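Okay, work_11.txt now, which holds compact mmCIF, C-alpha atoms:
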# COMPACT_ATOMS: atom_id res chain seq x y z
CA MET A 154 0.00 0.00 0.00
CA THR A 155 1.40 3.40 -1.03
CA GLN A 156 1.81 5.87 1.77
CA GLN A 157 1.00 9.50 1.10
CA PRO A 158 3.84 12.02 1.27
CA PRO A 159 4.45 13.38 4.77
CA GLY A 160 1.67 15.63 5.97
CA PRO A 161 1.46 18.65 8.23
CA GLY A 162 3.81 18.59 11.17
CA THR A 163 6.39 16.46 9.35
CA LYS A 164 9.64 18.12 8.38
CA THR A 165 11.12 16.54 5.25
CA THR A 166 14.15 18.73 4.55
CA ARG A 167 17.05 19.86 6.70
CA THR A 168 17.56 23.62 6.41
CA SER A 169 20.92 24.97 7.59
CA THR A 170 20.58 26.50 11.07
CA THR A 171 23.33 29.12 10.77
CA MET A 172 24.61 31.36 7.98
CA GLY A 173 28.05 29.76 8.31
CA ARG A 174 26.66 26.26 7.78
CA ALA A 175 24.46 27.47 4.92
CA VAL A 176 27.44 29.08 3.19
CA SER A 177 29.52 25.92 3.72
CA ASN A 178 26.84 23.73 2.13
CA THR A 179 26.40 26.22 -0.70
CA LEU A 180 30.11 26.20 -1.51
CA LYS A 181 30.38 22.41 -1.35
CA GLY A 182 27.22 21.95 -3.40
CA SER A 183 28.26 24.45 -6.04
CA ALA A 184 31.84 23.14 -6.41
CA GLY A 185 30.65 20.20 -8.49
CA ASN A 186 28.37 22.49 -10.43
CA LEU A 187 31.44 24.54 -11.37
CA VAL A 188 33.32 21.50 -12.65
CA GLU A 189 30.36 20.08 -14.55
CA TRP A 190 29.61 23.34 -16.32
CA TYR A 191 33.28 23.83 -17.12
CA ASP A 192 33.07 20.45 -18.86
CA VAL A 193 29.98 21.65 -20.77
CA TYR A 194 31.45 24.96 -21.91
CA VAL A 195 34.99 23.86 -22.64
CA TYR A 196 33.38 22.27 -25.70
CA SER A 197 31.85 25.52 -27.00
CA VAL A 198 34.94 27.60 -26.14
CA PHE A 199 37.40 25.27 -27.90
CA ALA A 200 35.09 24.09 -30.70
CA SER A 201 36.83 26.14 -33.40
CA TYR A 202 40.16 24.55 -32.43
CA PHE A 203 39.25 20.87 -32.26
CA GLU A 204 36.71 20.61 -35.09
CA SER A 205 39.53 19.93 -37.59
CA GLN A 206 40.62 16.99 -35.41
CA PHE A 207 37.26 15.24 -35.73
CA PHE A 208 36.24 16.29 -39.23
CA SER A 209 38.12 16.44 -42.51
CA GLU A 210 39.49 19.86 -43.46
CA ASP A 211 37.60 19.44 -46.75
CA GLU A 212 34.25 19.19 -44.92
CA ALA A 213 32.49 22.50 -45.63
CA ASN A 214 29.85 21.92 -42.94
CA SER A 215 32.21 20.95 -40.11
CA THR A 216 31.29 23.99 -38.00
CA LEU A 217 27.60 23.23 -38.36
CA TYR A 218 28.25 19.59 -37.42
CA VAL A 219 30.20 20.61 -34.31
CA TRP A 220 27.27 22.71 -33.10
CA ALA A 221 24.83 19.95 -34.05
CA ILE A 222 26.75 17.65 -31.66
CA PHE A 223 26.50 20.38 -29.01
CA ALA A 224 22.73 20.51 -29.57
CA VAL A 225 22.08 16.75 -29.75
CA THR A 226 23.51 16.23 -26.27
CA PHE A 227 20.52 18.15 -24.93
CA ILE A 228 18.32 15.21 -25.97
CA MET A 229 19.83 13.33 -23.04
CA ARG A 230 19.10 16.02 -20.46
CA PRO A 231 15.45 15.05 -19.83
CA ILE A 232 16.55 11.42 -19.43
CA GLY A 233 19.29 12.44 -17.03
CA SER A 234 16.93 14.69 -15.10
CA TRP A 235 14.47 11.80 -14.74
CA PHE A 236 17.14 9.33 -13.57
CA PHE A 237 19.02 11.62 -11.20
CA GLY A 238 15.91 13.47 -10.05
CA ARG A 239 14.27 10.22 -9.00
CA PHE A 240 17.55 9.09 -7.47
CA ALA A 241 17.93 12.33 -5.49
CA ASP A 242 14.33 12.29 -4.24
CA ARG A 243 14.66 8.70 -3.08
CA HIS A 244 18.31 8.32 -2.02
CA GLY A 245 19.45 11.84 -1.21
CA ARG A 246 20.82 14.90 -2.99
CA ARG A 247 24.46 14.40 -1.97
CA LEU A 248 24.91 10.95 -3.50
CA SER A 249 23.16 11.98 -6.72
CA LEU A 250 25.46 14.98 -7.11
CA SER A 251 28.56 12.84 -6.57
CA VAL A 252 27.56 10.29 -9.20
CA SER A 253 26.70 12.90 -11.84
CA VAL A 254 30.00 14.78 -11.49
CA SER A 255 31.92 11.49 -11.75
CA LEU A 256 30.21 10.65 -15.05
CA MET A 257 30.91 14.13 -16.37
CA ALA A 258 34.59 13.88 -15.56
CA ALA A 259 35.01 10.43 -17.09
CA CYS A 260 33.63 11.67 -20.40
CA SER A 261 35.86 14.75 -20.39
CA LEU A 262 38.82 12.42 -19.98
CA LEU A 263 37.53 10.31 -22.90
CA VAL A 264 37.40 13.37 -25.17
CA ALA A 265 40.86 14.44 -24.00
CA VAL A 266 42.44 11.14 -25.13
CA SER A 267 40.26 10.44 -28.18
CA PRO A 268 42.05 9.57 -31.43
CA THR A 269 41.55 12.02 -34.31
CA ALA A 270 39.78 11.50 -37.63
CA ASN A 271 43.18 11.03 -39.29
CA THR A 272 43.72 7.99 -37.07
CA ILE A 273 40.37 6.20 -36.88
CA GLY A 274 38.21 8.10 -39.39
CA VAL A 275 34.54 8.44 -38.53
CA GLY A 276 35.18 6.60 -35.26
CA ALA A 277 36.52 9.85 -33.83
CA VAL A 278 33.14 11.53 -34.29
CA VAL A 279 31.39 8.49 -32.80
CA LEU A 280 33.51 8.76 -29.64
CA LEU A 281 32.88 12.50 -29.42
CA VAL A 282 29.12 12.07 -29.78
CA PHE A 283 29.06 9.25 -27.22
CA ALA A 284 31.00 11.30 -24.67
CA ARG A 285 28.79 14.34 -25.17
CA LEU A 286 25.59 12.28 -24.91
CA VAL A 287 26.68 10.85 -21.56
CA GLN A 288 27.67 14.34 -20.43
CA GLY A 289 24.22 15.58 -21.43
CA PHE A 290 22.75 12.79 -19.31
CA ALA A 291 24.90 13.82 -16.32
CA THR A 292 24.20 17.54 -16.76
CA GLY A 293 20.46 16.85 -16.81
CA GLY A 294 20.85 15.40 -13.32
CA GLU A 295 23.25 18.01 -11.99
CA TYR A 296 21.09 21.07 -12.58
CA GLY A 297 17.89 19.87 -10.92
CA THR A 298 19.64 18.28 -7.97
CA SER A 299 22.06 21.14 -7.31
CA ALA A 300 19.31 23.75 -7.67
CA THR A 301 17.20 21.77 -5.21
CA TYR A 302 20.05 21.18 -2.76
CA MET A 303 21.20 24.79 -2.62
CA SER A 304 17.64 26.05 -2.26
CA GLU A 305 16.86 23.59 0.54
CA THR A 306 20.01 24.17 2.58
CA ALA A 307 19.76 27.97 2.34
CA LEU A 308 18.39 30.01 5.23
CA PRO A 309 14.81 31.28 4.86
CA GLY A 310 14.96 34.93 3.88
CA ARG A 311 18.35 34.36 2.21
CA ARG A 312 17.37 31.71 -0.29
CA GLY A 313 17.59 34.02 -3.28
CA PHE A 314 21.12 35.15 -2.40
CA LEU A 315 22.49 31.70 -1.49
CA SER A 316 20.80 29.79 -4.33
CA SER A 317 22.13 32.35 -6.82
CA PHE A 318 25.47 30.57 -6.48
CA ASN A 319 23.95 27.86 -8.64
CA TYR A 320 24.42 30.22 -11.58
CA VAL A 321 27.59 31.79 -10.16
CA THR A 322 29.21 28.41 -10.65
CA LEU A 323 27.29 27.64 -13.85
CA VAL A 324 28.60 30.86 -15.43
CA GLY A 325 31.86 30.31 -13.55
CA GLY A 326 32.39 27.11 -15.51
CA HIS A 327 32.19 29.17 -18.69
CA VAL A 328 34.55 31.78 -17.19
CA LEU A 329 37.09 29.07 -16.34
CA ALA A 330 36.86 27.69 -19.87
CA GLN A 331 37.46 31.18 -21.27
CA LEU A 332 40.36 31.72 -18.83
CA THR A 333 41.90 28.42 -19.93
CA LEU A 334 41.70 29.53 -23.55
CA MET A 335 43.10 32.98 -22.74
CA ILE A 336 46.14 31.46 -20.99
CA MET A 337 46.72 29.19 -23.98
CA VAL A 338 46.33 32.04 -26.48
CA LEU A 339 48.94 34.03 -24.56
CA THR A 340 51.41 31.17 -24.18
CA MET A 341 50.87 28.91 -27.19
CA SER A 342 50.54 29.18 -30.95
CA HIS A 343 47.27 28.56 -32.76
CA ASP A 344 48.65 25.28 -34.16
CA GLN A 345 49.63 24.06 -30.70
CA ILE A 346 46.15 24.72 -29.30
CA GLN A 347 44.61 23.06 -32.34
CA THR A 348 46.88 20.02 -32.14
CA TRP A 349 46.98 19.24 -28.41
CA GLY A 350 46.07 22.27 -26.29
CA TRP A 351 42.35 21.54 -26.43
CA ARG A 352 43.06 18.10 -24.98
CA VAL A 353 44.61 19.70 -21.90
CA ALA A 354 41.49 21.85 -21.50
CA PHE A 355 39.25 18.78 -21.39
CA ALA A 356 41.64 16.94 -19.06
CA ILE A 357 41.46 19.81 -16.54
CA GLY A 358 37.75 19.09 -16.07
CA ALA A 359 38.42 15.44 -15.35
CA VAL A 360 41.04 16.28 -12.71
CA GLY A 361 38.77 18.91 -11.13
CA ALA A 362 36.12 16.29 -10.41
CA LEU A 363 38.48 14.38 -8.12
CA VAL A 364 38.85 17.49 -5.99
CA VAL A 365 35.06 17.94 -5.89
CA LEU A 366 34.47 14.36 -4.78
CA TRP A 367 36.82 14.95 -1.85
CA ILE A 368 35.11 18.25 -0.93
CA ARG A 369 31.62 16.74 -1.06
CA ARG A 370 32.42 14.09 1.55
CA THR A 371 31.50 16.54 4.34
CA MET A 372 28.50 18.31 2.81
CA ASP A 373 25.18 17.90 4.66
CA GLU A 374 22.34 15.89 3.17
CA SER A 375 19.34 18.21 2.81
CA LEU A 376 16.74 15.43 3.16
CA GLN A 377 15.88 14.30 6.68
CA THR A 378 17.13 10.84 7.66
CA SER A 379 13.56 9.79 8.43
CA THR A 380 12.52 10.69 4.90
CA LEU A 381 15.27 8.56 3.38
CA GLN A 382 14.42 5.66 5.72
CA ALA A 383 10.76 5.84 4.71
CA VAL A 384 11.75 5.51 1.06
CA LYS A 385 14.08 2.63 1.83
CA ALA A 386 11.31 0.84 3.71
CA GLY A 387 8.92 1.24 0.77
CA GLU A 388 6.67 3.62 2.71
CA SER A 389 6.97 6.57 0.33
CA GLU A 390 6.60 5.28 -3.19
CA GLN A 391 5.52 8.68 -4.51
CA SER A 392 8.98 10.12 -3.84
CA GLY A 393 10.68 10.73 -7.17
CA SER A 394 7.79 9.09 -9.06
CA MET A 395 7.19 10.18 -12.65
CA LYS A 396 3.57 9.10 -12.27
CA GLU A 397 3.21 11.40 -9.27
CA LEU A 398 4.86 14.24 -11.22
CA LEU A 399 2.70 13.91 -14.33
CA LEU A 400 -0.63 13.17 -12.62
CA ASN A 401 -0.56 15.25 -9.43
CA GLN A 402 2.17 17.82 -10.02
CA TRP A 403 1.60 18.64 -13.69
CA ARG A 404 0.65 22.26 -13.00
CA PRO A 405 3.95 23.21 -11.32
CA LEU A 406 5.76 21.11 -13.94
CA LEU A 407 4.13 23.10 -16.76
CA LEU A 408 4.89 26.33 -14.95
CA CYS A 409 8.52 25.28 -14.47
CA PHE A 410 8.77 24.55 -18.22
CA LEU A 411 7.27 27.92 -19.22
CA VAL A 412 9.35 29.87 -16.70
CA THR A 413 12.47 28.23 -18.13
CA ALA A 414 11.71 28.46 -21.88
CA GLY A 415 12.48 32.13 -22.49
CA GLY A 416 15.22 32.27 -19.87
CA THR A 417 17.20 29.30 -21.15
CA LEU A 418 16.94 30.50 -24.76
CA ALA A 419 18.19 33.96 -23.76
CA PHE A 420 20.98 32.41 -21.70
CA TYR A 421 22.38 30.46 -24.65
CA VAL A 422 21.87 33.30 -27.12
CA TYR A 423 23.48 35.90 -24.86
CA SER A 424 26.20 33.88 -23.10
CA VAL A 425 27.16 31.30 -25.78
CA THR A 426 26.24 32.79 -29.15
CA GLY A 427 27.23 36.30 -28.01
CA PRO A 428 30.83 35.33 -27.12
CA ASN A 429 31.07 33.27 -30.33
CA ILE A 430 30.11 36.38 -32.31
CA VAL A 431 32.83 38.34 -30.51
CA LYS A 432 35.32 35.57 -31.26
CA SER A 433 34.47 35.71 -34.98
CA LEU A 434 34.77 39.53 -35.04
CA PHE A 435 38.46 39.37 -34.17
CA ALA A 436 39.31 35.97 -35.65
CA ASP A 437 41.55 37.46 -38.34
CA GLY A 438 43.08 40.08 -36.08
CA ASP A 439 43.58 40.31 -32.35
CA VAL A 440 42.53 36.92 -30.97
CA VAL A 441 43.71 37.96 -27.50
CA ALA A 442 41.26 40.89 -27.56
CA SER A 443 38.24 38.69 -28.30
CA THR A 444 39.22 36.18 -25.61
CA LEU A 445 39.72 38.97 -23.06
CA ILE A 446 36.37 40.58 -23.94
CA ASN A 447 34.54 37.31 -23.41
CA PHE A 448 36.40 36.54 -20.20
CA LEU A 449 35.63 39.96 -18.69
CA ALA A 450 32.01 39.97 -19.83
CA LEU A 451 31.30 36.49 -18.44
CA THR A 452 33.09 37.36 -15.19
CA PHE A 453 30.79 40.39 -14.96
CA LEU A 454 27.77 38.11 -15.47
CA MET A 455 29.03 35.74 -12.79
CA LEU A 456 29.49 38.54 -10.25
CA LEU A 457 26.00 39.89 -10.93
CA GLN A 458 24.30 36.70 -9.72
CA PRO A 459 24.51 37.23 -5.93
CA LEU A 460 23.30 40.81 -6.39
CA GLY A 461 20.24 39.59 -8.26
CA GLY A 462 19.56 36.94 -5.63
CA TYR A 463 19.92 39.48 -2.83
CA ILE A 464 17.51 41.89 -4.52
CA SER A 465 14.96 39.09 -4.96
CA ASP A 466 15.05 38.40 -1.21
CA LYS A 467 14.05 42.03 -0.67
CA VAL A 468 11.52 42.70 -3.46
CA GLY A 469 10.41 39.20 -4.47
CA ARG A 470 11.25 36.91 -7.39
CA LYS A 471 8.54 38.09 -9.76
CA ALA A 472 9.96 41.62 -10.10
CA LEU A 473 13.30 40.32 -11.37
CA LEU A 474 11.71 37.87 -13.80
CA VAL A 475 9.52 40.61 -15.28
CA PHE A 476 12.61 42.83 -15.59
CA PHE A 477 14.34 40.06 -17.53
CA GLY A 478 11.30 39.38 -19.72
CA VAL A 479 10.77 43.02 -20.71
CA GLY A 480 14.49 43.53 -21.26
CA GLY A 481 14.85 40.32 -23.27
CA VAL A 482 11.97 41.20 -25.58
CA ALA A 483 13.41 44.67 -26.18
CA TYR A 484 17.14 43.80 -26.38
CA THR A 485 17.52 40.52 -28.28
CA TRP A 486 17.08 42.21 -31.68
CA PHE A 487 19.66 44.85 -30.80
CA LEU A 488 22.20 42.31 -29.52
CA LEU A 489 22.03 40.03 -32.57
CA THR A 490 21.83 42.88 -35.07
CA TYR A 491 24.54 45.22 -33.80
CA LEU A 492 27.06 42.98 -32.01
CA PRO A 493 28.23 41.38 -35.30
CA LYS A 494 28.88 44.89 -36.70
CA GLN A 495 31.29 46.02 -34.01
CA SER A 496 34.96 46.70 -34.65
CA SER A 497 35.79 48.21 -31.25
CA PRO A 498 36.52 45.83 -28.33
CA VAL A 499 34.97 48.33 -25.91
CA SER A 500 31.66 48.58 -27.75
CA ALA A 501 31.50 44.79 -28.15
CA PHE A 502 32.05 44.39 -24.39
CA LEU A 503 29.39 46.99 -23.53
CA ILE A 504 26.76 45.34 -25.76
CA LEU A 505 27.42 41.99 -24.08
CA ALA A 506 27.47 43.56 -20.60
CA VAL A 507 24.06 45.22 -21.01
CA GLY A 508 22.64 41.90 -22.18
CA PHE A 509 24.09 40.19 -19.12
CA VAL A 510 22.47 42.72 -16.76
CA ILE A 511 19.12 41.86 -18.34
CA LEU A 512 19.86 38.12 -18.24
CA THR A 513 20.64 38.26 -14.50
CA GLY A 514 16.96 38.92 -13.81
CA TYR A 515 16.40 35.27 -14.79
CA THR A 516 19.63 33.45 -14.05
CA SER A 517 20.18 34.68 -10.49
CA ILE A 518 16.88 33.33 -9.16
CA ASN A 519 15.64 30.67 -11.55
CA ALA A 520 16.87 27.82 -9.30
CA VAL A 521 14.96 28.94 -6.22
CA VAL A 522 11.86 29.96 -8.23
CA LYS A 523 11.55 26.42 -9.54
CA ALA A 524 12.39 24.77 -6.20
CA GLU A 525 9.59 26.77 -4.56
CA LEU A 526 7.06 25.23 -6.95
CA PHE A 527 7.37 21.59 -5.80
CA PRO A 528 6.88 19.66 -2.54
CA THR A 529 9.96 17.93 -1.17
CA HIS A 530 9.14 14.38 -2.26
CA ILE A 531 9.10 15.34 -5.95
CA ARG A 532 11.27 18.49 -5.99
CA ALA A 533 14.52 17.28 -7.56
CA LEU A 534 12.64 15.40 -10.28
CA GLY A 535 10.21 18.25 -10.94
CA VAL A 536 12.85 20.98 -11.09
CA GLY A 537 15.24 18.91 -13.19
CA PHE A 538 12.69 17.49 -15.63
CA GLY A 539 10.86 20.77 -16.22
CA TYR A 540 14.16 22.56 -16.79
CA ALA A 541 15.59 19.83 -19.01
CA LEU A 542 12.57 19.74 -21.34
CA ALA A 543 12.69 23.49 -21.92
CA ASN A 544 16.48 23.51 -22.06
CA SER A 545 16.50 20.78 -24.71
CA ALA A 546 13.81 22.42 -26.82
CA PHE A 547 14.94 26.05 -26.67
CA GLY A 548 18.35 26.37 -25.01
CA GLY A 549 20.82 23.90 -26.45
CA THR A 550 19.45 24.29 -29.96
CA ALA A 551 19.93 28.09 -29.98
CA PRO A 552 23.60 28.15 -31.13
CA LEU A 553 22.82 25.61 -33.87
CA MET A 554 19.78 27.56 -35.04
CA TYR A 555 21.84 30.75 -35.05
CA GLU A 556 24.51 29.14 -37.23
CA ALA A 557 21.83 27.77 -39.58
CA ALA A 558 20.06 31.15 -39.77
CA THR A 559 23.37 32.88 -40.51
CA GLY A 560 24.17 30.45 -43.31
CA ALA A 561 20.69 30.74 -44.84
CA ASP A 562 20.49 34.53 -44.43
CA ARG A 563 17.44 34.13 -42.17
CA MET A 564 18.60 36.06 -39.13
CA PRO A 565 15.40 38.20 -38.87
CA LEU A 566 13.38 34.99 -38.55
CA PHE A 567 15.64 33.64 -35.81
CA ILE A 568 15.43 36.92 -33.91
CA ALA A 569 11.64 36.97 -34.23
CA VAL A 570 11.29 33.39 -32.91
CA ALA A 571 13.70 34.02 -30.02
CA THR A 572 11.89 37.21 -29.03
CA ALA A 573 8.50 35.48 -29.22
CA ILE A 574 9.62 32.68 -26.88
CA ILE A 575 10.94 35.19 -24.34
CA ALA A 576 7.63 37.07 -24.65
CA VAL A 577 5.66 33.90 -23.80
CA SER A 578 7.71 33.45 -20.63
CA LEU A 579 7.16 37.14 -19.81
CA LEU A 580 3.39 36.61 -19.90
CA VAL A 581 3.83 33.67 -17.52
CA TYR A 582 5.91 35.81 -15.15
CA ILE A 583 3.23 38.52 -15.14
CA PHE A 584 0.05 36.45 -14.92
CA ALA A 585 1.00 33.07 -13.41
CA LEU A 586 3.44 34.01 -10.66
CA LYS A 587 2.75 35.82 -7.41
CA ASN A 588 5.22 37.95 -5.49
CA LYS A 589 6.24 36.77 -2.01
CA SER A 590 3.37 34.29 -1.83
CA PRO A 591 3.50 31.05 0.25
CA ASN A 592 5.74 28.42 -1.35
CA TRP A 593 6.81 24.82 -0.78
CA LEU A 594 10.26 25.72 0.55
CA ASP A 595 9.25 28.18 3.27
CA ASP A 596 5.58 27.35 3.92
CA GLU A 597 5.22 23.59 3.47
CA HIS A 598 2.52 23.23 6.14
CA LYS A 599 0.48 26.07 4.70
CA MET A 600 0.83 24.69 1.15
CA ARG A 601 -0.39 21.26 2.23
CA GLY A 602 -3.32 22.89 4.00

So, in terms of structure tokens, how does the structure I just supplied come out?
Amino acid sequence: MTQQPPGPGTKTTRTSTTMGRAVSNTLKGSAGNLVEWYDVYVYSVFASYFESQFFSEDEANSTLYVWAIFAVTFIMRPIGSWFFGRFADRHGRRLSLSVSVSLMAACSLLVAVSPTANTIGVGAVVLLVFARLVQGFATGGEYGTSATYMSETALPGRRGFLSSFNYVTLVGGHVLAQLTLMIMVLTMSHDQIQTWGWRVAFAIGAVGALVVLWIRRTMDESLQTSTLQAVKAGESEQSGSMKELLLNQWRPLLLCFLVTAGGTLAFYVYSVTGPNIVKSLFADGDVVASTLINFLALTFLMLLQPLGGYISDKVGRKALLVFFGVGGVAYTWFLLTYLPKQSSPVSAFLILAVGFVILTGYTSINAVVKAELFPTHIRALGVGFGYALANSAFGGTAPLMYEAATGADRMPLFIAVATAIIAVSLLVYIFALKNKSPNWLDDEHKMRG
């Protein structure tokens, strides 16, 4: 007989009791996030260097194929979010996070030592696709579980600030990838980076995971021991259940998807496609300048996240999401139209920086906004699966669609579609969300009532 999820009077998560403990758990939880997202973005940052190693130099569509591989890995994210979300809801957040980062690192090591197309032909592409698919699977589990963990262990009234470190480390992974490239550009020739430097970049991610596994040994588990014991005894079969999510929690799941759609598309357009545009602007000239612009702009985005989280604790989450939505609708056309026309490093940086200020309205609080939608027994699965579906449909495909639109001279169509998707999310922010209303993280008893 299936037991209902814990009712009023039952505490199911362990919130940190002091700011010091909350900060400690946040740092330990986000360390793996940093490594995993470094492994994700080292691919996009070094793509122009290693594509010739996996595809023939005579292949005219090699760049498109490289970004198609980047996009196809997002197919695995919903599967990973289902597996790791269920695992985290039933066996704990800490163990789930450790397993996902281990998988990510193993695949980075595989890419680092993969033979080239000159050695094994099409087998090189097969290995690359396999590694990226498994990484997509692991990333699908990392986001939902880490967003849930950092939201649960944060202090009430400080959840926005502390959970913002989910995106501090997510963007930080991209910053580290850019820093790695910048060091190589300053110390190595283009041919050296193209021949073996990119392998070192992937190997760094694999080594970083070993450090994270050691750090995570002492992080607290955010689920109560009694909750985990109930699952182990078969007394809480609804924990991490896809049936429970689709039948009884479909409304917050749909809301999670719609909240994410415009935000994840803007994130990949602004923070992945934007830096790639900057890189192409200076490809035939000052490569150091383009790398420095991207590094500084992404560092700026990273540092903005705690500020956005702090503001949300004061004024509510909805205000920041509406700010992002309005800004995204108004600015996406400008970014994609005028950034490719820049010749000055300063103007290119400023265009990216303004976009990142707008983007922070979403990125800094999206983890806690989604965690607040779901009860504890289904939270990691709900957050991860809702995010992964939207991320796969609108986020990971954005760089590929941009490349395709550029090649087909259809940029106005791409801009129109991107703006429309952000506009849909804006309507959801305005009409479906309430500001500072009771939520499942802070008011579980009231929500059950």

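Take the candidates A:Gln458, A:Thr340, A:Ser253, A:Thr550 and check each one against Gly313 of chain A using all atoms listed in the file; the shortest distance goes to A:Gln458.
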
message = Which residues are near Thr529 of chain A? Cut-off 12 Å, all atoms listed in the file, ignore same chain within fewer than 5 positions. Put them as a PyMOL selection string.
response = chain A and resi 158-160+163-167+238-239+241-243+245-246+298+301-302+304-305+375-377+380-381+389+391-393+398+402+524+534-536+592-598+600-601

Generate the output file for the selected residues, C-alpha atoms, as a CSV table (one decimal), in the coordinates of the input.
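Final output, saved to selection33.csv:
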chain,number,residue,atom,x,y,z
A,158,PRO,CA,3.8,12.0,1.3
A,159,PRO,CA,4.4,13.4,4.8
A,160,GLY,CA,1.7,15.6,6.0
A,163,THR,CA,6.4,16.5,9.4
A,164,LYS,CA,9.6,18.1,8.4
A,165,THR,CA,11.1,16.5,5.2
A,166,THR,CA,14.2,18.7,4.6
A,167,ARG,CA,17.0,19.9,6.7
A,238,GLY,CA,15.9,13.5,-10.0
A,239,ARG,CA,14.3,10.2,-9.0
A,241,ALA,CA,17.9,12.3,-5.5
A,242,ASP,CA,14.3,12.3,-4.2
A,243,ARG,CA,14.7,8.7,-3.1
A,245,GLY,CA,19.4,11.8,-1.2
A,246,ARG,CA,20.8,14.9,-3.0
A,298,THR,CA,19.6,18.3,-8.0
A,301,THR,CA,17.2,21.8,-5.2
A,302,TYR,CA,20.0,21.2,-2.8
A,304,SER,CA,17.6,26.0,-2.3
A,305,GLU,CA,16.9,23.6,0.5
A,375,SER,CA,19.3,18.2,2.8
A,376,LEU,CA,16.7,15.4,3.2
A,377,GLN,CA,15.9,14.3,6.7
A,380,THR,CA,12.5,10.7,4.9
A,381,LEU,CA,15.3,8.6,3.4
A,389,SER,CA,7.0,6.6,0.3
A,391,GLN,CA,5.5,8.7,-4.5
A,392,SER,CA,9.0,10.1,-3.8
A,393,GLY,CA,10.7,10.7,-7.2
A,398,LEU,CA,4.9,14.2,-11.2
A,402,GLN,CA,2.2,17.8,-10.0
A,524,ALA,CA,12.4,24.8,-6.2
A,534,LEU,CA,12.6,15.4,-10.3
A,535,GLY,CA,10.2,18.2,-10.9
A,536,VAL,CA,12.8,21.0,-11.1
A,592,ASN,CA,5.7,28.4,-1.4
A,593,TRP,CA,6.8,24.8,-0.8
A,594,LEU,CA,10.3,25.7,0.6
A,595,ASP,CA,9.2,28.2,3.3
A,596,ASP,CA,5.6,27.4,3.9
A,597,GLU,CA,5.2,23.6,3.5
A,598,HIS,CA,2.5,23.2,6.1
A,600,MET,CA,0.8,24.7,1.2
A,601,ARG,CA,-0.4,21.3,2.2

inquiry  = Here is a test: counting all atoms listed in the file, which residue of A:Ile228, A:Leu329, A:Met395, A:Ala569 is nearest to Tyr555 of chain A?
reply    = A:Ala569

ask   = So how many Å separate atom CA of Ile511 of chain A and atom CA of Phe477 of chain A, to one decimal?
value = 5.2 Å

Using only C-alpha atoms, find all polymer residues with an atom at most 12 Å away from the point (40.4, 31.6, -20.5); report them as a CSV table (one decimal) with C-alpha atoms, keeping the file's coordinate frame.
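Everything below was put into selection-v3.csv:
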chain,number,residue,atom,x,y,z
A,191,TYR,CA,33.3,23.8,-17.1
A,194,TYR,CA,31.4,25.0,-21.9
A,195,VAL,CA,35.0,23.9,-22.6
A,198,VAL,CA,34.9,27.6,-26.1
A,199,PHE,CA,37.4,25.3,-27.9
A,325,GLY,CA,31.9,30.3,-13.6
A,326,GLY,CA,32.4,27.1,-15.5
A,327,HIS,CA,32.2,29.2,-18.7
A,328,VAL,CA,34.6,31.8,-17.2
A,329,LEU,CA,37.1,29.1,-16.3
A,330,ALA,CA,36.9,27.7,-19.9
A,331,GLN,CA,37.5,31.2,-21.3
A,332,LEU,CA,40.4,31.7,-18.8
A,333,THR,CA,41.9,28.4,-19.9
A,334,LEU,CA,41.7,29.5,-23.6
A,335,MET,CA,43.1,33.0,-22.7
A,336,ILE,CA,46.1,31.5,-21.0
A,337,MET,CA,46.7,29.2,-24.0
A,338,VAL,CA,46.3,32.0,-26.5
A,339,LEU,CA,48.9,34.0,-24.6
A,340,THR,CA,51.4,31.2,-24.2
A,351,TRP,CA,42.4,21.5,-26.4
A,354,ALA,CA,41.5,21.8,-21.5
A,440,VAL,CA,42.5,36.9,-31.0
A,441,VAL,CA,43.7,38.0,-27.5
A,442,ALA,CA,41.3,40.9,-27.6
A,443,SER,CA,38.2,38.7,-28.3
A,444,THR,CA,39.2,36.2,-25.6
A,445,LEU,CA,39.7,39.0,-23.1
A,446,ILE,CA,36.4,40.6,-23.9
A,447,ASN,CA,34.5,37.3,-23.4
A,448,PHE,CA,36.4,36.5,-20.2
A,449,LEU,CA,35.6,40.0,-18.7
A,450,ALA,CA,32.0,40.0,-19.8
A,451,LEU,CA,31.3,36.5,-18.4
A,452,THR,CA,33.1,37.4,-15.2

query = So which one's closest to Val422 of chain A, A:Ala557, A:Leu512, A:Cys260, A:Val252? Using all atoms listed in the file, please.
reply = A:Leu512

request  = Tell me which protein, DNA and RNA residues are within 8 Å of segment 414-417 of chain A, counting all atoms listed in the file, leaving out same-chain ones fewer than 4 positions away, and put them as a list in words.
outcome  =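 Residues meeting the cut-off are Phe410, Tyr421, Gly478, Leu512, Tyr515, Thr516, Ala543, Asn544, Phe547, Gly548, Ala571, Ile574, Ile575, Ala576, Val577, Ser578 and Leu579 of chain A.
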
task = Go ahead and compute the interatomic distance for atom CA of Ile273 of chain A and atom CA of Arg352 of chain A, in Å to one decimal.
result =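 Separation between atom CA of Ile273 of chain A and atom CA of Arg352 of chain A: 17.0 Å.
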
key: Within 12 Å of Ala224 of chain A using all atoms listed in the file, minus same-chain residues under 4 positions, as a list in words   =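 That gives Val193, Tyr196, Ser197, Leu217, Tyr218, Val219, Trp220, Ile228, Met229, Arg230, Val282, Arg285, Leu286, Gly289, Tyr421, Asn544, Ser545, Ala546, Phe547, Gly548, Gly549, Thr550, Ala551, Pro552, Leu553, Met554, Tyr555 and Glu556 of chain A.
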
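Atom CA of Leu250 of chain A sits 8.7 Å away from atom CA of Asn186 of chain A.
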